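*Asks:* Got a structure for you, data_29.pdb, holding PDB, C-alpha atoms, pLDDT in the B column.
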ATOM      1  CA  MET F   1      -0.480  -0.258 -17.904  1.00 67.00           C
ATOM      2  CA  ALA F   2      -3.898   0.649 -19.267  1.00 79.00           C
ATOM      3  CA  ALA F   3      -5.445   1.006 -15.799  1.00 81.00           C
ATOM      4  CA  GLU F   4      -2.910   3.644 -14.721  1.00 90.00           C
ATOM      5  CA  PRO F   5      -5.208   6.667 -15.346  1.00 92.00           C
ATOM      6  CA  ASP F   6      -7.985   5.057 -13.286  1.00 94.00           C
ATOM      7  CA  ILE F   7      -5.546   4.175 -10.516  1.00 95.00           C
ATOM      8  CA  ARG F   8      -4.125   7.708 -10.507  1.00 94.00           C
ATOM      9  CA  GLU F   9      -7.678   9.070 -10.268  1.00 95.00           C
ATOM     10  CA  GLU F  10      -8.313   6.878  -7.210  1.00 96.00           C
ATOM     11  CA  LEU F  11      -5.059   8.136  -5.667  1.00 96.00           C
ATOM     12  CA  CYS F  12      -6.221  11.735  -6.204  1.00 94.00           C
ATOM     13  CA  ARG F  13      -9.618  10.987  -4.619  1.00 96.00           C
ATOM     14  CA  LEU F  14      -7.857   9.324  -1.688  1.00 97.00           C
ATOM     15  CA  ARG F  15      -5.615  12.337  -1.155  1.00 94.00           C
ATOM     16  CA  ALA F  16      -8.723  14.570  -1.189  1.00 95.00           C
ATOM     17  CA  ARG F  17     -10.404  12.396   1.480  1.00 97.00           C
ATOM     18  CA  VAL F  18      -7.284  12.362   3.678  1.00 97.00           C
ATOM     19  CA  PRO F  19      -5.686  15.820   3.355  1.00 96.00           C
ATOM     20  CA  GLN F  20      -2.729  14.854   5.560  1.00 98.00           C
ATOM     21  CA  LEU F  21      -1.457  12.425   2.911  1.00 98.00           C
ATOM     22  CA  THR F  22       1.787  13.603   1.378  1.00 97.00           C
ATOM     23  CA  GLY F  23       2.082  10.822  -1.183  1.00 97.00           C
ATOM     24  CA  ALA F  24       0.550   7.646  -2.526  1.00 97.00           C
ATOM     25  CA  LEU F  25       1.697   4.951  -4.904  1.00 97.00           C
ATOM     26  CA  VAL F  26       0.670   1.578  -6.213  1.00 97.00           C
ATOM     27  CA  ALA F  27       3.335  -0.996  -6.950  1.00 97.00           C
ATOM     28  CA  SER F  28       3.490  -4.629  -7.892  1.00 94.00           C
ATOM     29  CA  ALA F  29       4.525  -7.015  -5.136  1.00 88.00           C
ATOM     30  CA  ASP F  30       7.963  -7.229  -6.743  1.00 90.00           C
ATOM     31  CA  GLY F  31       8.512  -3.469  -6.509  1.00 94.00           C
ATOM     32  CA  HIS F  32       7.551  -2.046  -9.920  1.00 96.00           C
ATOM     33  CA  VAL F  33       5.664   1.269  -9.833  1.00 96.00           C
ATOM     34  CA  LEU F  34       2.206   0.972 -11.423  1.00 96.00           C
ATOM     35  CA  ALA F  35       0.981   4.506 -10.591  1.00 96.00           C
ATOM     36  CA  GLN F  36       2.179   7.221  -8.240  1.00 95.00           C
ATOM     37  CA  ASP F  37       1.516  10.609  -6.748  1.00 94.00           C
ATOM     38  CA  THR F  38       4.583  11.148  -4.563  1.00 94.00           C
ATOM     39  CA  PRO F  39       5.929  14.687  -4.885  1.00 93.00           C
ATOM     40  CA  GLY F  40       9.401  15.027  -3.420  1.00 93.00           C
ATOM     41  CA  VAL F  41       9.893  11.275  -2.974  1.00 95.00           C
ATOM     42  CA  ALA F  42      11.491   8.815  -5.414  1.00 97.00           C
ATOM     43  CA  PRO F  43       8.617   6.431  -6.263  1.00 97.00           C
ATOM     44  CA  GLU F  44      10.929   3.649  -7.481  1.00 97.00           C
ATOM     45  CA  THR F  45      12.733   3.649  -4.148  1.00 97.00           C
ATOM     46  CA  VAL F  46       9.503   3.588  -2.137  1.00 96.00           C
ATOM     47  CA  ALA F  47       8.123   0.771  -4.305  1.00 97.00           C
ATOM     48  CA  ALA F  48      11.279  -1.312  -3.895  1.00 96.00           C
ATOM     49  CA  LEU F  49      11.386  -0.741  -0.132  1.00 96.00           C
ATOM     50  CA  THR F  50       7.692  -1.615   0.165  1.00 95.00           C
ATOM     51  CA  ALA F  51       8.314  -4.898  -1.660  1.00 93.00           C
ATOM     52  CA  THR F  52      11.168  -5.640   0.715  1.00 94.00           C
ATOM     53  CA  ALA F  53       9.010  -4.778   3.733  1.00 93.00           C
ATOM     54  CA  LEU F  54       6.305  -7.138   2.474  1.00 89.00           C
ATOM     55  CA  GLY F  55       8.863  -9.932   2.452  1.00 89.00           C
ATOM     56  CA  VAL F  56       9.693  -9.219   6.091  1.00 93.00           C
ATOM     57  CA  VAL F  57       6.004  -9.000   7.004  1.00 90.00           C
ATOM     58  CA  ALA F  58       5.244 -12.306   5.275  1.00 86.00           C
ATOM     59  CA  ARG F  59       8.042 -14.021   7.196  1.00 91.00           C
ATOM     60  CA  LEU F  60       6.999 -12.435  10.484  1.00 93.00           C
ATOM     61  CA  SER F  61       3.389 -13.377   9.897  1.00 91.00           C
ATOM     62  CA  ASP F  62       4.318 -16.976   9.036  1.00 90.00           C
ATOM     63  CA  ALA F  63       6.595 -17.273  12.064  1.00 93.00           C
ATOM     64  CA  THR F  64       3.905 -16.019  14.440  1.00 95.00           C
ATOM     65  CA  GLY F  65       0.909 -17.743  12.844  1.00 94.00           C
ATOM     66  CA  GLN F  66      -0.966 -14.489  12.196  1.00 93.00           C
ATOM     67  CA  GLY F  67      -2.130 -15.236   8.646  1.00 90.00           C
ATOM     68  CA  GLU F  68      -1.625 -13.343   5.427  1.00 86.00           C
ATOM     69  CA  PHE F  69      -0.679  -9.672   5.084  1.00 82.00           C
ATOM     70  CA  ARG F  70      -3.454  -7.148   5.762  1.00 90.00           C
ATOM     71  CA  GLU F  71      -1.617  -3.903   6.465  1.00 94.00           C
ATOM     72  CA  LEU F  72       1.670  -2.409   7.519  1.00 95.00           C
ATOM     73  CA  LEU F  73       2.212   0.814   9.443  1.00 96.00           C
ATOM     74  CA  VAL F  74       5.555   2.485  10.046  1.00 96.00           C
ATOM     75  CA  ARG F  75       5.622   5.510  12.328  1.00 97.00           C
ATOM     76  CA  GLY F  76       8.523   7.886  12.038  1.00 97.00           C
ATOM     77  CA  VAL F  77       9.275  11.130  13.803  1.00 97.00           C
ATOM     78  CA  TYR F  78       7.725  13.148  10.964  1.00 97.00           C
ATOM     79  CA  GLY F  79       4.870  10.903   9.907  1.00 98.00           C
ATOM     80  CA  TYR F  80       3.651   7.526   8.725  1.00 98.00           C
ATOM     81  CA  VAL F  81       4.136   5.052   5.927  1.00 98.00           C
ATOM     82  CA  ALA F  82       1.232   2.641   5.507  1.00 98.00           C
ATOM     83  CA  ALA F  83       0.810  -0.239   3.073  1.00 97.00           C
ATOM     84  CA  TYR F  84      -2.350  -2.116   2.119  1.00 96.00           C
ATOM     85  CA  PRO F  85      -2.951  -4.981  -0.306  1.00 94.00           C
ATOM     86  CA  ALA F  86      -4.364  -3.937  -3.677  1.00 95.00           C
ATOM     87  CA  GLY F  87      -5.604  -7.102  -5.320  1.00 93.00           C
ATOM     88  CA  ARG F  88      -3.675 -10.307  -5.828  1.00 91.00           C
ATOM     89  CA  GLY F  89      -0.321  -8.858  -6.798  1.00 90.00           C
ATOM     90  CA  ALA F  90      -0.116  -5.170  -5.911  1.00 95.00           C
ATOM     91  CA  VAL F  91       0.214  -2.955  -2.867  1.00 96.00           C
ATOM     92  CA  LEU F  92      -0.928   0.579  -2.047  1.00 97.00           C
ATOM     93  CA  THR F  93       1.637   2.618  -0.104  1.00 98.00           C
ATOM     94  CA  LEU F  94       0.611   5.861   1.588  1.00 98.00           C
ATOM     95  CA  LEU F  95       2.761   8.586   3.116  1.00 98.00           C
ATOM     96  CA  ALA F  96       1.123  10.784   5.760  1.00 98.00           C
ATOM     97  CA  GLN F  97       1.954  13.639   8.094  1.00 98.00           C
ATOM     98  CA  ASP F  98       2.376  12.883  11.788  1.00 97.00           C
ATOM     99  CA  ARG F  99      -0.931  14.638  12.581  1.00 98.00           C
ATOM    100  CA  VAL F 100      -3.035  12.268  10.428  1.00 98.00           C
ATOM    101  CA  ASN F 101      -5.925  10.461  12.081  1.00 98.00           C
ATOM    102  CA  VAL F 102      -4.555   6.903  11.897  1.00 98.00           C
ATOM    103  CA  GLY F 103      -8.038   5.371  12.047  1.00 97.00           C
ATOM    104  CA  ARG F 104      -9.091   7.444   9.041  1.00 98.00           C
ATOM    105  CA  LEU F 105      -5.858   6.543   7.278  1.00 98.00           C
ATOM    106  CA  HIS F 106      -6.607   2.832   7.748  1.00 98.00           C
ATOM    107  CA  LEU F 107     -10.258   3.175   6.721  1.00 97.00           C
ATOM    108  CA  GLU F 108      -9.537   5.075   3.527  1.00 98.00           C
ATOM    109  CA  GLY F 109      -6.388   3.070   2.728  1.00 98.00           C
ATOM    110  CA  ARG F 110      -8.296  -0.217   2.959  1.00 97.00           C
ATOM    111  CA  ARG F 111     -11.128   1.091   0.787  1.00 97.00           C
ATOM    112  CA  SER F 112      -8.774   2.420  -1.864  1.00 97.00           C
ATOM    113  CA  GLY F 113      -6.760  -0.795  -1.770  1.00 97.00           C
ATOM    114  CA  VAL F 114      -9.900  -2.736  -2.664  1.00 97.00           C
ATOM    115  CA  ARG F 115     -10.827  -0.359  -5.508  1.00 97.00           C
ATOM    116  CA  ILE F 116      -7.309  -0.318  -6.920  1.00 97.00           C
ATOM    117  CA  GLY F 117      -7.041  -4.077  -6.540  1.00 96.00           C
ATOM    118  CA  GLU F 118     -10.137  -4.506  -8.693  1.00 96.00           C
ATOM    119  CA  LEU F 119      -8.557  -2.356 -11.405  1.00 95.00           C
ATOM    120  CA  VAL F 120      -5.191  -4.129 -11.271  1.00 93.00           C
ATOM    121  CA  ASP F 121      -6.713  -7.613 -11.127  1.00 92.00           C
ATOM    122  CA  ALA F 122      -9.097  -6.877 -14.014  1.00 89.00           C
ATOM    123  CA  GLU F 123      -6.195  -5.777 -16.187  1.00 84.00           C
ATOM    124  CA  THR F 124      -4.059  -8.734 -15.157  1.00 78.00           C
ATOM    125  CA  THR F 125      -6.879 -11.164 -15.944  1.00 79.00           C
ATOM    126  CA  ALA F 126      -7.638  -9.441 -19.261  1.00 74.00           C
ATOM    127  CA  ALA F 127      -3.977  -9.677 -20.235  1.00 70.00           C
ATOM    128  CA  GLY F 128      -4.089 -13.422 -19.680  1.00 66.00           C
ATOM    129  CA  ALA F 129      -1.621 -13.409 -16.817  1.00 54.00           C
ATOM    130  CA  PRO F 130      -1.836 -16.226 -14.294  1.00 51.00           C
ATOM    131  CA  ARG F 131      -4.164 -15.681 -11.340  1.00 46.00           C
ATOM    132  CA  THR F 132      -1.510 -16.647  -8.819  1.00 46.00           C
ATOM    133  CA  ALA F 133       0.346 -14.191  -6.639  1.00 47.00           C
ATOM    134  CA  PRO F 134       3.951 -13.381  -7.542  1.00 43.00           C
ATOM    135  CA  ALA F 135       6.835 -14.822  -5.562  1.00 41.00           C
ATOM    136  CA  LYS F 136       7.631 -13.174  -2.242  1.00 42.00           C
ATOM    137  CA  PRO F 137      10.259 -10.448  -2.459  1.00 40.00           C
ATOM    138  CA  PRO F 138      13.514 -10.866  -0.553  1.00 38.00           C
ATOM    139  CA  ALA F 139      13.482  -9.798   3.073  1.00 38.00           C
ATOM    140  CA  SER F 140      15.688  -7.161   4.652  1.00 36.00           C
ATOM    141  CA  ALA F 141      15.791  -5.241   7.920  1.00 32.00           C
ATOM    142  CA  LEU F 142      13.251  -2.550   8.779  1.00 35.00           C
ATOM    143  CA  SER F 143      13.505  -0.299  11.788  1.00 34.00           C
ATOM    144  CA  LEU F 144       9.833  -0.413  12.811  1.00 36.00           C
ATOM    145  CA  ILE F 145       7.078  -2.692  11.622  1.00 38.00           C
ATOM    146  CA  TYR F 146       3.574  -2.873  12.990  1.00 38.00           C
ATOM    147  CA  PHE F 147       1.612  -5.780  11.586  1.00 37.00           C
ATOM    148  CA  ARG F 148      -2.078  -5.738  12.280  1.00 41.00           C
ATOM    149  CA  PRO F 149      -3.963  -8.883  11.303  1.00 39.00           C
ATOM    150  CA  ARG F 150      -7.615  -8.667  10.465  1.00 40.00           C
TER     151      ARG F 150
END
Step by step, read the file and then write its structure as structure tokens.

*Replies:*
Amino acid sequence: MAAEPDIREELCRLRARVPQLTGALVASADGHVLAQDTPGVAPETVAALTATALGVVARLSDATGQGEFRELLVRGVYGYVAAYPAGRGAVLTLLAQDRVNVGRLHLEGRRSGVRIGELVDAETTAAGAPRTAPAKPPASALSLIYFRPR
């Protein structure tokens, strides 16, 4: 992917703005890693699990009439996993320490998702790929999902 250096640069800037981030990656909606900065974590696994979580979120959102995916936040004992849309067919996944300011995490995650989405969508359009979103990934169980509509 030609946009990978620009995406990685945005991930580095994001990690500088939110020092409590321990990792960040961008993946396609079907779980393929596009760019990553996830020391100590298998990026392919996180990308695949994010795609699966998006399937669950889409079903939950449809079932409750809340609209399309805006963000996902999972809180564990040791920290957070947050996901934000990044254009038409990608997602930004962030890993953060438990002491992160969640409001700041959301603010910066949303902003970076928009910037990265512009990069991914520009490359997709330039490559002549269709402008439609990919099929929804299969759903599976998650232990904790917080869906926050806009």

*Asks:* Kindly give the distance, in Å, that separates atom CA of F:Arg88 and atom CA of F:Val26, rounded to a single decimal.

*Replies:*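 So the two atoms, atom CA of F:Arg88 and atom CA of F:Val26, lie 12.7 Å apart.
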
*Asks:* Got a sec to resolve the PyMOL selection byres ((chain F and resi 2-10) around 12) on this structure and send the residues as number ranges by chain?

*Replies:* F: 1, 11-17, 23-27, 33-38, 86, 90-92, 108-109, 111-124, 126-127

*Asks:* Please write the residues picked by the PyMOL selection byres ((chain F and resi 30) around 7) on this file as a ChimeraX atom specification.

*Replies:* /F:28-29,31-32,51,137

*Asks:* Just how far from atom CA of F:Gly89 is atom CA of F:Arg59, in Å to one decimal?

*Replies:*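 Going from atom CA of F:Arg59 over to atom CA of F:Gly89 covers 17.1 Å.
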
*Asks:* Which of these residues is nearest to F:Val56, using all atoms listed in the file: F:Leu21, F:Leu72, F:Ala96, F:Val77?

*Replies:*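 Counting all atoms listed in the file, the residue closest to F:Val56 is F:Leu72.
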
*Asks:* Contacts of F:Ala82 at 12 Å or less, counting all atoms listed in the file, minus same-chain residues fewer than 2 places along, as a ChimeraX atom specification?

*Replies:* /F:21-26,46,50,53-54,70-76,79-80,84-85,91-97,100,102-110,113,144-148

*Asks:* With C-alpha atoms retained, write the just-selected residues as a short mmCIF file (atom, residue, chain, number, x, y, z; two decimals), keeping the file's coordinate frame.

*Replies:*
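And here's selection07.cif as it stands now:
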data_model
loop_
_atom_site.label_atom_id
_atom_site.label_comp_id
_atom_site.auth_asym_id
_atom_site.auth_seq_id
_atom_site.Cartn_x
_atom_site.Cartn_y
_atom_site.Cartn_z
CA LEU F 21 -1.46 12.42 2.91
CA THR F 22 1.79 13.60 1.38
CA GLY F 23 2.08 10.82 -1.18
CA ALA F 24 0.55 7.65 -2.53
CA LEU F 25 1.70 4.95 -4.90
CA VAL F 26 0.67 1.58 -6.21
CA VAL F 46 9.50 3.59 -2.14
CA THR F 50 7.69 -1.62 0.16
CA ALA F 53 9.01 -4.78 3.73
CA LEU F 54 6.30 -7.14 2.47
CA ARG F 70 -3.45 -7.15 5.76
CA GLU F 71 -1.62 -3.90 6.46
CA LEU F 72 1.67 -2.41 7.52
CA LEU F 73 2.21 0.81 9.44
CA VAL F 74 5.56 2.48 10.05
CA ARG F 75 5.62 5.51 12.33
CA GLY F 76 8.52 7.89 12.04
CA GLY F 79 4.87 10.90 9.91
CA TYR F 80 3.65 7.53 8.72
CA TYR F 84 -2.35 -2.12 2.12
CA PRO F 85 -2.95 -4.98 -0.31
CA VAL F 91 0.21 -2.96 -2.87
CA LEU F 92 -0.93 0.58 -2.05
CA THR F 93 1.64 2.62 -0.10
CA LEU F 94 0.61 5.86 1.59
CA LEU F 95 2.76 8.59 3.12
CA ALA F 96 1.12 10.78 5.76
CA GLN F 97 1.95 13.64 8.09
CA VAL F 100 -3.04 12.27 10.43
CA VAL F 102 -4.56 6.90 11.90
CA GLY F 103 -8.04 5.37 12.05
CA ARG F 104 -9.09 7.44 9.04
CA LEU F 105 -5.86 6.54 7.28
CA HIS F 106 -6.61 2.83 7.75
CA LEU F 107 -10.26 3.18 6.72
CA GLU F 108 -9.54 5.08 3.53
CA GLY F 109 -6.39 3.07 2.73
CA ARG F 110 -8.30 -0.22 2.96
CA GLY F 113 -6.76 -0.80 -1.77
CA LEU F 144 9.83 -0.41 12.81
CA ILE F 145 7.08 -2.69 11.62
CA TYR F 146 3.57 -2.87 12.99
CA PHE F 147 1.61 -5.78 11.59
CA ARG F 148 -2.08 -5.74 12.28
#

*Asks:* Please measure the separation of atom CA of F:Val57 and atom CA of F:Pro19, giving the value in Å to one decimal.

*Replies:*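 Separation between atom CA of F:Val57 and atom CA of F:Pro19: 27.7 Å.
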
*Asks:* Restrict the output to stretch 107-129 of chain F and N, CA, C and O atoms, then write it as a CSV table (one decimal), in the first residue's frame.

*Replies:*
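Here's the written file out.csv:
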chain,number,residue,atom,x,y,z
F,107,LEU,N,-11.3,12.0,21.3
F,107,LEU,CA,-11.1,13.2,20.4
F,107,LEU,C,-10.0,12.9,19.4
F,107,LEU,O,-10.1,13.1,18.2
F,108,GLU,N,-8.8,12.4,19.9
F,108,GLU,CA,-7.7,12.2,19.0
F,108,GLU,C,-7.9,11.0,18.1
F,108,GLU,O,-7.5,11.0,16.9
F,109,GLY,N,-8.6,10.0,18.6
F,109,GLY,CA,-8.9,8.8,17.7
F,109,GLY,C,-9.8,9.2,16.6
F,109,GLY,O,-9.6,8.8,15.4
F,110,ARG,N,-10.8,10.0,16.9
F,110,ARG,CA,-11.7,10.4,15.8
F,110,ARG,C,-11.0,11.3,14.8
F,110,ARG,O,-11.2,11.1,13.6
F,111,ARG,N,-10.2,12.2,15.2
F,111,ARG,CA,-9.4,13.1,14.3
F,111,ARG,C,-8.5,12.3,13.4
F,111,ARG,O,-8.4,12.5,12.2
F,112,SER,N,-7.8,11.4,14.0
F,112,SER,CA,-6.8,10.5,13.3
F,112,SER,C,-7.6,9.6,12.3
F,112,SER,O,-7.1,9.3,11.2
F,113,GLY,N,-8.7,9.1,12.7
F,113,GLY,CA,-9.6,8.3,11.9
F,113,GLY,C,-9.9,9.0,10.6
F,113,GLY,O,-9.9,8.4,9.5
F,114,VAL,N,-10.3,10.3,10.7
F,114,VAL,CA,-10.6,11.1,9.5
F,114,VAL,C,-9.4,11.2,8.6
F,114,VAL,O,-9.5,11.0,7.4
F,115,ARG,N,-8.3,11.6,9.2
F,115,ARG,CA,-7.1,11.8,8.4
F,115,ARG,C,-6.7,10.5,7.7
F,115,ARG,O,-6.3,10.5,6.5
F,116,ILE,N,-6.7,9.5,8.4
F,116,ILE,CA,-6.2,8.2,7.8
F,116,ILE,C,-7.3,7.7,6.8
F,116,ILE,O,-6.9,7.2,5.7
F,117,GLY,N,-8.5,8.0,7.1
F,117,GLY,CA,-9.6,7.6,6.1
F,117,GLY,C,-9.4,8.4,4.8
F,117,GLY,O,-9.6,7.8,3.7
F,118,GLU,N,-9.0,9.6,4.8
F,118,GLU,CA,-8.7,10.4,3.6
F,118,GLU,C,-7.6,9.7,2.8
F,118,GLU,O,-7.6,9.6,1.6
F,119,LEU,N,-6.5,9.3,3.5
F,119,LEU,CA,-5.4,8.6,2.8
F,119,LEU,C,-5.8,7.3,2.2
F,119,LEU,O,-5.5,7.0,1.1
F,120,VAL,N,-6.5,6.5,3.0
F,120,VAL,CA,-6.9,5.2,2.5
F,120,VAL,C,-7.9,5.3,1.3
F,120,VAL,O,-7.8,4.6,0.3
F,121,ASP,N,-8.9,6.2,1.5
F,121,ASP,CA,-9.9,6.4,0.4
F,121,ASP,C,-9.3,6.9,-0.8
F,121,ASP,O,-9.6,6.5,-1.9
F,122,ALA,N,-8.3,7.9,-0.7
F,122,ALA,CA,-7.7,8.4,-1.9
F,122,ALA,C,-6.9,7.3,-2.6
F,122,ALA,O,-7.0,7.3,-3.9
F,123,GLU,N,-6.2,6.5,-1.9
F,123,GLU,CA,-5.5,5.4,-2.6
F,123,GLU,C,-6.5,4.4,-3.2
F,123,GLU,O,-6.2,3.9,-4.3
F,124,THR,N,-7.6,4.1,-2.5
F,124,THR,CA,-8.5,3.1,-3.1
F,124,THR,C,-9.2,3.7,-4.3
F,124,THR,O,-9.3,3.0,-5.3
F,125,THR,N,-9.5,5.0,-4.3
F,125,THR,CA,-10.1,5.6,-5.5
F,125,THR,C,-9.1,5.7,-6.6
F,125,THR,O,-9.4,5.4,-7.8
F,126,ALA,N,-7.8,6.0,-6.3
F,126,ALA,CA,-6.8,6.1,-7.4
F,126,ALA,C,-6.5,4.7,-8.0
F,126,ALA,O,-6.2,4.6,-9.2
F,127,ALA,N,-6.7,3.7,-7.2
F,127,ALA,CA,-6.5,2.3,-7.7
F,127,ALA,C,-7.6,1.8,-8.5
F,127,ALA,O,-7.6,0.7,-9.1
F,128,GLY,N,-8.7,2.6,-8.6
F,128,GLY,CA,-9.9,2.2,-9.4
F,128,GLY,C,-10.8,1.2,-8.7
F,128,GLY,O,-11.6,0.5,-9.3
F,129,ALA,N,-10.6,1.0,-7.4
F,129,ALA,CA,-11.5,0.1,-6.6
F,129,ALA,C,-12.9,0.7,-6.5
F,129,ALA,O,-13.0,1.9,-6.5
